[in-house]
file structure-v2.csv (CSV, C-alpha atoms)
chain,number,residue,atom,x,y,z
N,6,MET,CA,-13.1,8.3,14.1
N,7,PRO,CA,-10.9,8.6,17.2
N,8,PHE,CA,-8.8,5.7,18.2
N,9,PRO,CA,-10.0,4.2,21.5
N,10,ASP,CA,-7.4,4.2,24.3
N,11,SER,CA,-8.7,0.8,25.5
N,12,LEU,CA,-7.6,-0.8,22.2
N,13,LYS,CA,-4.1,0.7,22.0
N,14,LYS,CA,-2.5,-2.1,24.0
N,15,TYR,CA,-3.2,-4.5,21.1
N,16,PHE,CA,-1.3,-2.4,18.6
N,17,SER,CA,2.4,-1.7,18.1
N,18,ALA,CA,4.1,1.4,16.9
N,19,ARG,CA,5.8,1.4,13.5
N,20,ASP,CA,7.4,4.3,11.6
N,21,LEU,CA,8.0,4.4,7.9
N,22,THR,CA,10.2,6.8,6.0
N,23,ALA,CA,9.1,8.4,2.7
N,24,GLY,CA,9.3,5.7,0.0
N,25,GLU,CA,9.1,2.8,2.3
N,26,TYR,CA,6.4,0.2,1.6
N,27,PHE,CA,3.7,-0.9,4.1
N,28,VAL,CA,2.3,-3.5,1.6
N,29,LYS,CA,3.7,-4.9,-1.6
N,30,GLU,CA,1.6,-6.3,-4.4
N,31,GLY,CA,1.6,-10.1,-4.5
N,32,GLU,CA,2.3,-10.4,-0.7
N,33,THR,CA,-0.3,-11.4,1.8
N,34,SER,CA,-1.0,-8.6,4.2
N,35,LYS,CA,-0.7,-9.8,7.8
N,36,THR,CA,-1.3,-6.3,9.3
N,37,ILE,CA,-3.4,-3.2,9.0
N,38,ALA,CA,-2.6,0.1,10.7
N,39,PHE,CA,-4.0,3.3,12.2
N,40,VAL,CA,-2.2,6.3,10.7
N,41,GLU,CA,-1.1,8.6,13.5
N,42,SER,CA,0.8,11.0,11.3
N,43,GLY,CA,2.0,11.3,7.7
N,44,PHE,CA,0.5,10.2,4.4
N,45,LEU,CA,0.5,6.9,2.4
N,46,MET,CA,-0.8,6.0,-1.0
N,47,SER,CA,-2.0,2.8,-2.5
N,48,TYR,CA,-1.5,2.2,-6.1
N,49,GLN,CA,-1.8,-0.6,-8.7
N,50,ILE,CA,0.1,-1.1,-11.9
N,51,ASP,CA,-2.2,-0.8,-14.9
N,52,HIS,CA,-2.1,-2.8,-18.2
N,53,LYS,CA,0.4,-0.2,-19.6
N,54,GLY,CA,2.8,-0.7,-16.7
N,55,GLU,CA,1.9,2.7,-15.1
N,56,GLU,CA,1.2,3.4,-11.4
N,57,VAL,CA,-2.4,4.3,-10.8
N,58,ALA,CA,-3.1,5.8,-7.4
N,59,THR,CA,-6.2,4.3,-5.8
N,60,THR,CA,-6.3,5.6,-2.2
N,61,PHE,CA,-4.6,8.1,0.0
N,62,PHE,CA,-4.3,7.3,3.7
N,63,THR,CA,-4.3,10.3,6.0
N,64,PRO,CA,-3.9,10.7,9.8
N,65,ASP,CA,-6.7,9.4,12.0
N,66,ASN,CA,-7.7,6.7,9.4
N,67,PHE,CA,-6.9,3.1,9.0
N,68,CYS,CA,-4.7,1.9,6.1
N,69,GLY,CA,-4.1,-1.5,4.6
N,70,SER,CA,-4.7,-3.8,1.7
N,71,PHE,CA,-8.1,-4.7,3.1
N,72,TYR,CA,-8.9,-7.4,0.6
N,73,SER,CA,-5.5,-9.1,1.3
N,74,PHE,CA,-5.8,-8.7,5.0
N,75,TYR,CA,-9.3,-10.0,5.5
N,76,GLU,CA,-9.1,-12.7,2.8
N,77,GLN,CA,-5.5,-13.6,3.6
N,78,LYS,CA,-4.7,-13.6,-0.1
N,79,PRO,CA,-2.0,-11.8,-2.1
N,80,SER,CA,-2.5,-8.0,-2.4
N,81,PHE,CA,-3.5,-6.4,-5.6
N,82,GLU,CA,-1.9,-3.2,-4.6
N,83,ASN,CA,1.2,-1.5,-3.2
N,84,ILE,CA,1.0,0.9,-0.2
N,85,VAL,CA,3.9,3.3,0.1
N,86,ALA,CA,4.7,6.1,2.5
N,87,LEU,CA,4.6,9.5,0.8
N,88,THR,CA,6.0,11.3,3.9
N,89,LYS,CA,7.4,10.1,7.2
N,90,VAL,CA,4.6,8.1,8.7
N,91,SER,CA,3.8,6.9,12.3
N,92,LEU,CA,1.5,4.0,12.5
N,93,GLN,CA,-0.2,1.8,15.1
N,94,VAL,CA,-0.2,-1.7,13.6
N,95,ILE,CA,-2.3,-4.8,14.5
N,96,HIS,CA,-1.8,-8.3,13.3
N,97,PHE,CA,-4.5,-10.4,11.6
N,98,GLU,CA,-4.8,-13.0,14.4
N,99,THR,CA,-4.8,-10.4,17.2
N,100,LEU,CA,-7.5,-8.4,15.5
N,101,HIS,CA,-9.8,-11.5,15.0
N,102,ASP,CA,-9.2,-12.6,18.6
N,103,LEU,CA,-10.1,-9.1,19.8
N,104,PHE,CA,-13.2,-9.1,17.6
N,105,LYS,CA,-14.3,-12.3,19.3
N,106,ASP,CA,-13.6,-11.1,22.8
N,107,SER,CA,-14.6,-7.5,22.8
N,108,PHE,CA,-17.9,-5.9,21.8
N,109,GLU,CA,-16.1,-2.5,21.8
N,110,ALA,CA,-13.4,-3.7,19.4
N,111,ASN,CA,-16.0,-5.4,17.2
N,112,ARG,CA,-18.1,-2.2,17.0
N,113,TYR,CA,-15.1,-0.1,16.3
N,114,GLY,CA,-13.8,-2.4,13.6
N,115,ARG,CA,-17.2,-2.4,11.9
N,116,LYS,CA,-17.3,1.4,12.0
N,117,MET,CA,-13.8,1.5,10.5
N,118,ILE,CA,-14.7,-0.8,7.6
N,119,GLU,CA,-17.9,1.2,7.0
N,120,GLN,CA,-15.8,4.3,6.7
N,121,VAL,CA,-13.5,2.6,4.2
N,122,CYS,CA,-16.5,1.4,2.1
N,123,ILE,CA,-18.2,4.8,2.1
N,124,GLN,CA,-15.0,6.5,1.0
N,125,LYS,CA,-14.5,4.1,-1.9
N,126,ASP,CA,-18.1,4.5,-3.0
N,127,ILE,CA,-17.8,8.3,-3.0
N,128,ARG,CA,-14.6,8.2,-5.0
N,129,ILE,CA,-16.2,5.8,-7.6
N,130,SER,CA,-19.2,8.1,-7.9
N,131,LYS,CA,-17.1,11.2,-8.3
N,132,MET,CA,-14.9,9.5,-11.0
N,133,LEU,CA,-18.0,8.5,-13.0
N,134,LYS,CA,-20.1,11.6,-12.6
N,135,LEU,CA,-17.8,14.6,-12.5
N,136,ASP,CA,-15.6,16.1,-15.2
N,137,SER,CA,-11.9,16.8,-14.6
N,138,LYS,CA,-12.4,20.3,-13.1
N,139,ASN,CA,-15.1,19.2,-10.7
N,140,ARG,CA,-13.1,16.0,-9.7
N,141,TYR,CA,-10.2,18.3,-8.7
N,142,LEU,CA,-12.5,20.7,-6.9
N,143,TRP,CA,-14.0,17.7,-5.0
N,144,PHE,CA,-10.4,16.5,-4.2
N,145,MET,CA,-9.4,20.0,-2.9
N,146,GLU,CA,-12.4,20.1,-0.6
N,147,SER,CA,-12.0,16.4,0.6
N,148,TYR,CA,-8.3,16.2,0.9
N,149,PRO,CA,-6.8,19.7,1.5
N,150,GLU,CA,-4.0,18.4,3.6
N,151,ILE,CA,-2.7,16.2,0.7
N,152,LEU,CA,-2.5,19.0,-1.8
N,153,MET,CA,0.7,20.4,-0.3
N,154,GLN,CA,2.2,17.0,0.7
N,155,VAL,CA,1.8,14.8,-2.3
N,156,PRO,CA,3.4,15.2,-5.8
N,157,LEU,CA,0.8,16.3,-8.4
N,158,LYS,CA,1.4,13.2,-10.6
N,159,PHE,CA,-0.1,11.1,-7.8
N,160,ILE,CA,-3.1,13.4,-7.4
N,161,ALA,CA,-3.6,13.4,-11.2
N,162,SER,CA,-3.4,9.6,-11.3
N,163,TYR,CA,-5.9,9.3,-8.4
N,164,LEU,CA,-8.3,11.6,-10.3
N,165,GLY,CA,-8.0,9.6,-13.5
N,166,MET,CA,-6.3,12.3,-15.5
N,167,SER,CA,-2.8,13.1,-16.9
N,168,PRO,CA,-0.5,15.5,-15.1
N,169,GLU,CA,-1.0,17.9,-18.0
N,170,THR,CA,-4.7,17.9,-17.7
N,171,LEU,CA,-4.4,18.5,-14.0
N,172,SER,CA,-2.1,21.5,-14.6
N,173,ARG,CA,-4.7,22.9,-17.1
N,174,VAL,CA,-7.5,22.4,-14.6
N,175,ARG,CA,-5.5,24.1,-11.9
N,176,ARG,CA,-4.8,27.1,-14.2
N,177,GLU,CA,-8.5,27.4,-15.0
N,178,ILE,CA,-9.4,27.4,-11.4
N,179,ILE,CA,-6.8,30.1,-10.5
N,180,SER,CA,-7.8,32.4,-13.3

call {"tool": "encode", "arguments": {"input": "structure-v2.csv", "output": "structure tokens"}}
result
Amino acid sequence: MPFPDSLKKYFSARDLTAGEYFVKEGETSKTIAFVESGFLMSYQIDHKGEEVATTFFTPDNFCGSFYSFYEQKPSFENIVALTKVSLQVIHFETLHDLFKDSFEANRYGRKMIEQVCIQKDIRISKMLKLDSKNRYLWFMESYPEILMQVPLKFIASYLGMSPETLSRVRREIIS
């Protein structure tokens, strides 16, 4: 969904380097951002202490710990830049004032949240209904730009499989 020029004045530019955090678990998120370039990943720490990728944020999409941002409660997740990232950031108070004052902003915000919800529903469905091979095929089709930019261990985690299983699946597909 294209970023409307009329809303840009409410956002501020922020760049992250690879490895820099946009959100840290336990902190309350005061901002969300539109990704202009680069890739970010959200992850949570599971009961074994391992990082589990939950979302990839790509250009022309919004990123943030949406639960933390909208509820103004501590985040469940970490969001880290996987590459150099350019963002347009908006603060909680600014966004809510904008929603009150602008029908265009309110409509755009609703569409953005709908997109986030739809993406999460699709991922849950794929994780529940597809085997490892078909989950990877779905990922290849849905996120081709990530395949060359993100370490395989994160892709494996996102798909609910070990890196070894992902390697086996990739070999099956190639042969």

call {"tool": "closest_residue", "arguments": {"input": "structure-v2.csv", "among": "N:Ala58, N:Met145, N:Leu100, N:Leu92", "to": "Phe74 in chain N", "atoms": "all atoms listed in the file"}}
result
N:Leu100

call {"tool": "atom_distance", "arguments": {"input": "structure-v2.csv", "atom1": "CA of Glu82 in chain N", "atom2": "CA of Met46 in chain N"}}
result
9.9 Å

call {"tool": "residues_around", "arguments": {"input": "structure-v2.csv", "residues": "range 162-171 of chain N", "least_positions_apart": "6", "cutoff": "12 Å", "atoms": "only C-alpha atoms", "output": "VMD selection string"}}
result
chain N and resid 46 to 51 55 to 61 125 128 to 133 135 to 145 148 151 155 to 156 177 to 178

call {"tool": "atom_distance", "arguments": {"input": "structure-v2.csv", "atom1": "CA of Cys68 in chain N", "atom2": "CA of Asn83 in chain N"}}
result
11.5 Å

call {"tool": "atom_distance", "arguments": {"input": "structure-v2.csv", "atom1": "CA of Phe67 in chain N", "atom2": "CA of Val121 in chain N"}}
result
8.2 Å

call {"tool": "residues_around", "arguments": {"input": "structure-v2.csv", "residues": "Thr36 in chain N", "least_positions_apart": "4", "cutoff": "8 Å", "atoms": "only C-alpha atoms", "output": "list in words"}}
result
Gly69, Phe74, Val94, Ile95, His96 and Phe97 of chain N

call {"tool": "write_last_selection", "arguments": {"input": "structure-v2.csv", "atoms": "C-alpha atoms", "output": "tab-separated table (two decimals), in the coordinates of the input"}}
result
chain	number	residue	atom	x	y	z
N	69	GLY	CA	-4.10	-1.50	4.60
N	74	PHE	CA	-5.80	-8.70	5.00
N	94	VAL	CA	-0.20	-1.70	13.60
N	95	ILE	CA	-2.30	-4.80	14.50
N	96	HIS	CA	-1.80	-8.30	13.30
N	97	PHE	CA	-4.50	-10.40	11.60

call {"tool": "closest_residue", "arguments": {"input": "structure-v2.csv", "among": "N:Ser34, N:Ser42, N:Asn66, N:Ser91", "to": "Lys78 in chain N", "atoms": "all atoms listed in the file"}}
result
N:Ser34

call {"tool": "closest_residue", "arguments": {"input": "structure-v2.csv", "among": "N:Gly43, N:Pro9, N:Gly114, N:Gly54", "to": "Tyr75 in chain N", "atoms": "all atoms listed in the file"}}
result
N:Gly114

call {"tool": "closest_residue", "arguments": {"input": "structure-v2.csv", "among": "N:Gln154, N:Ile37, N:Ser147, N:Phe81", "to": "Ala23 in chain N", "atoms": "all atoms listed in the file"}}
result
N:Gln154

call {"tool": "closest_residue", "arguments": {"input": "structure-v2.csv", "among": "N:Val28, N:Met117, N:Leu157, N:Ala110", "to": "Val85 in chain N", "atoms": "all atoms listed in the file"}}
result
N:Val28

call {"tool": "closest_residue", "arguments": {"input": "structure-v2.csv", "among": "N:Asn111, N:Thr33, N:Thr99, N:Thr22", "to": "Leu87 in chain N", "atoms": "only C-alpha atoms"}}
result
N:Thr22

call {"tool": "decode", "arguments": {"input": "structure-v2.csv", "residues": "range 63-180 of chain N", "atoms": "C-alpha atoms", "output": "short mmCIF file (atom, residue, chain, number, x, y, z; two decimals), in the first residue's frame"}}
result
data_model
loop_
_atom_site.label_atom_id
_atom_site.label_comp_id
_atom_site.auth_asym_id
_atom_site.auth_seq_id
_atom_site.Cartn_x
_atom_site.Cartn_y
_atom_site.Cartn_z
CA THR N 63 9.91 -5.54 4.13
CA PRO N 64 9.90 -2.25 2.20
CA ASP N 65 6.53 -0.56 1.65
CA ASN N 66 5.07 -2.09 4.80
CA PHE N 67 4.65 -0.90 8.36
CA CYS N 68 6.63 -2.43 11.18
CA GLY N 69 6.27 -2.34 14.90
CA SER N 70 5.25 -4.22 17.97
CA PHE N 71 1.61 -3.51 17.29
CA TYR N 72 0.32 -4.97 20.56
CA SER N 73 2.76 -2.84 22.56
CA PHE N 74 2.14 0.27 20.46
CA TYR N 75 -1.67 0.21 20.49
CA GLU N 76 -2.08 -1.06 24.07
CA GLN N 77 0.90 0.95 25.41
CA LYS N 78 2.10 -2.13 27.28
CA PRO N 79 5.50 -3.86 27.27
CA SER N 80 6.39 -5.64 24.04
CA PHE N 81 6.45 -9.44 23.78
CA GLU N 82 8.94 -9.26 20.95
CA ASN N 83 12.18 -7.81 19.69
CA ILE N 84 12.42 -6.14 16.28
CA VAL N 85 15.91 -6.00 14.81
CA ALA N 86 17.27 -4.67 11.53
CA LEU N 87 18.66 -7.49 9.38
CA THR N 88 20.15 -5.06 6.87
CA LYS N 89 20.61 -1.32 6.73
CA VAL N 90 17.09 0.09 7.10
CA SER N 91 15.46 3.43 6.33
CA LEU N 92 12.23 4.11 8.19
CA GLN N 93 9.60 6.80 8.48
CA VAL N 94 8.57 6.82 12.15
CA ILE N 95 5.46 8.17 13.84
CA HIS N 96 4.83 8.52 17.58
CA PHE N 97 1.81 7.14 19.39
CA GLU N 98 0.32 10.51 20.35
CA THR N 99 0.87 11.98 16.89
CA LEU N 100 -0.82 9.03 15.21
CA HIS N 101 -3.87 9.13 17.47
CA ASP N 102 -4.25 12.89 17.05
CA LEU N 103 -3.97 12.37 13.30
CA PHE N 104 -6.62 9.63 13.38
CA LYS N 105 -9.00 12.02 15.17
CA ASP N 106 -8.40 14.89 12.77
CA SER N 107 -8.00 13.23 9.38
CA PHE N 108 -10.37 10.89 7.61
CA GLU N 109 -7.60 10.04 5.12
CA ALA N 110 -5.18 9.09 7.92
CA ASN N 111 -7.85 7.09 9.72
CA ARG N 112 -8.71 5.17 6.54
CA TYR N 113 -5.04 4.57 5.73
CA GLY N 114 -4.35 3.38 9.29
CA ARG N 115 -7.28 0.98 9.15
CA LYS N 116 -6.03 -0.43 5.83
CA MET N 117 -2.55 -0.84 7.26
CA ILE N 118 -3.83 -2.75 10.29
CA GLU N 119 -6.04 -4.91 8.04
CA GLN N 120 -2.95 -5.81 6.01
CA VAL N 121 -1.02 -6.79 9.16
CA CYS N 122 -3.92 -8.96 10.40
CA ILE N 123 -4.33 -10.67 7.02
CA GLN N 124 -0.60 -11.45 6.82
CA LYS N 125 -0.64 -12.97 10.32
CA ASP N 126 -3.73 -15.07 9.52
CA ILE N 127 -2.12 -16.38 6.33
CA ARG N 128 1.08 -17.32 8.16
CA ILE N 129 -0.83 -19.16 10.91
CA SER N 130 -2.82 -21.08 8.32
CA LYS N 131 0.31 -22.05 6.36
CA MET N 132 2.08 -23.17 9.54
CA LEU N 133 -0.84 -25.38 10.52
CA LYS N 134 -1.81 -26.82 7.15
CA LEU N 135 1.39 -27.23 5.15
CA ASP N 136 4.28 -29.63 5.53
CA SER N 137 7.88 -28.34 5.64
CA LYS N 138 8.41 -28.45 1.89
CA ASN N 139 5.21 -26.60 1.07
CA ARG N 140 5.81 -24.01 3.80
CA TYR N 141 9.16 -23.23 2.19
CA LEU N 142 7.60 -23.09 -1.29
CA TRP N 143 4.98 -20.66 0.06
CA PHE N 144 7.75 -18.58 1.66
CA MET N 145 9.73 -18.49 -1.61
CA GLU N 146 6.67 -17.24 -3.45
CA SER N 147 5.59 -14.76 -0.76
CA TYR N 148 8.97 -13.34 0.25
CA PRO N 149 11.41 -13.76 -2.65
CA GLU N 150 13.36 -10.64 -1.69
CA ILE N 151 14.11 -12.04 1.76
CA LEU N 152 15.67 -15.27 0.52
CA MET N 153 18.90 -13.56 -0.53
CA GLN N 154 19.00 -11.02 2.30
CA VAL N 155 18.32 -13.03 5.45
CA PRO N 156 20.33 -15.85 7.06
CA LEU N 157 18.69 -19.25 6.59
CA LYS N 158 18.51 -19.87 10.34
CA PHE N 159 15.96 -17.03 10.60
CA ILE N 160 13.92 -18.34 7.67
CA ALA N 161 13.95 -21.83 9.21
CA SER N 162 12.80 -20.41 12.54
CA TYR N 163 10.02 -18.42 10.88
CA LEU N 164 8.84 -21.59 9.11
CA GLY N 165 8.90 -23.64 12.31
CA MET N 166 11.72 -25.97 11.32
CA SER N 167 15.35 -26.55 12.14
CA PRO N 168 18.07 -25.22 9.82
CA GLU N 169 18.90 -28.85 8.99
CA THR N 170 15.32 -29.54 7.90
CA LEU N 171 15.33 -26.40 5.78
CA SER N 172 18.58 -27.50 4.11
CA ARG N 173 17.06 -30.92 3.36
CA VAL N 174 13.90 -29.29 1.93
CA ARG N 175 15.97 -26.96 -0.25
CA ARG N 176 18.00 -29.92 -1.60
CA GLU N 177 14.74 -31.77 -2.44
CA ILE N 178 13.41 -28.76 -4.32
CA ILE N 179 16.64 -28.25 -6.29
CA SER N 180 16.92 -31.91 -7.35
#
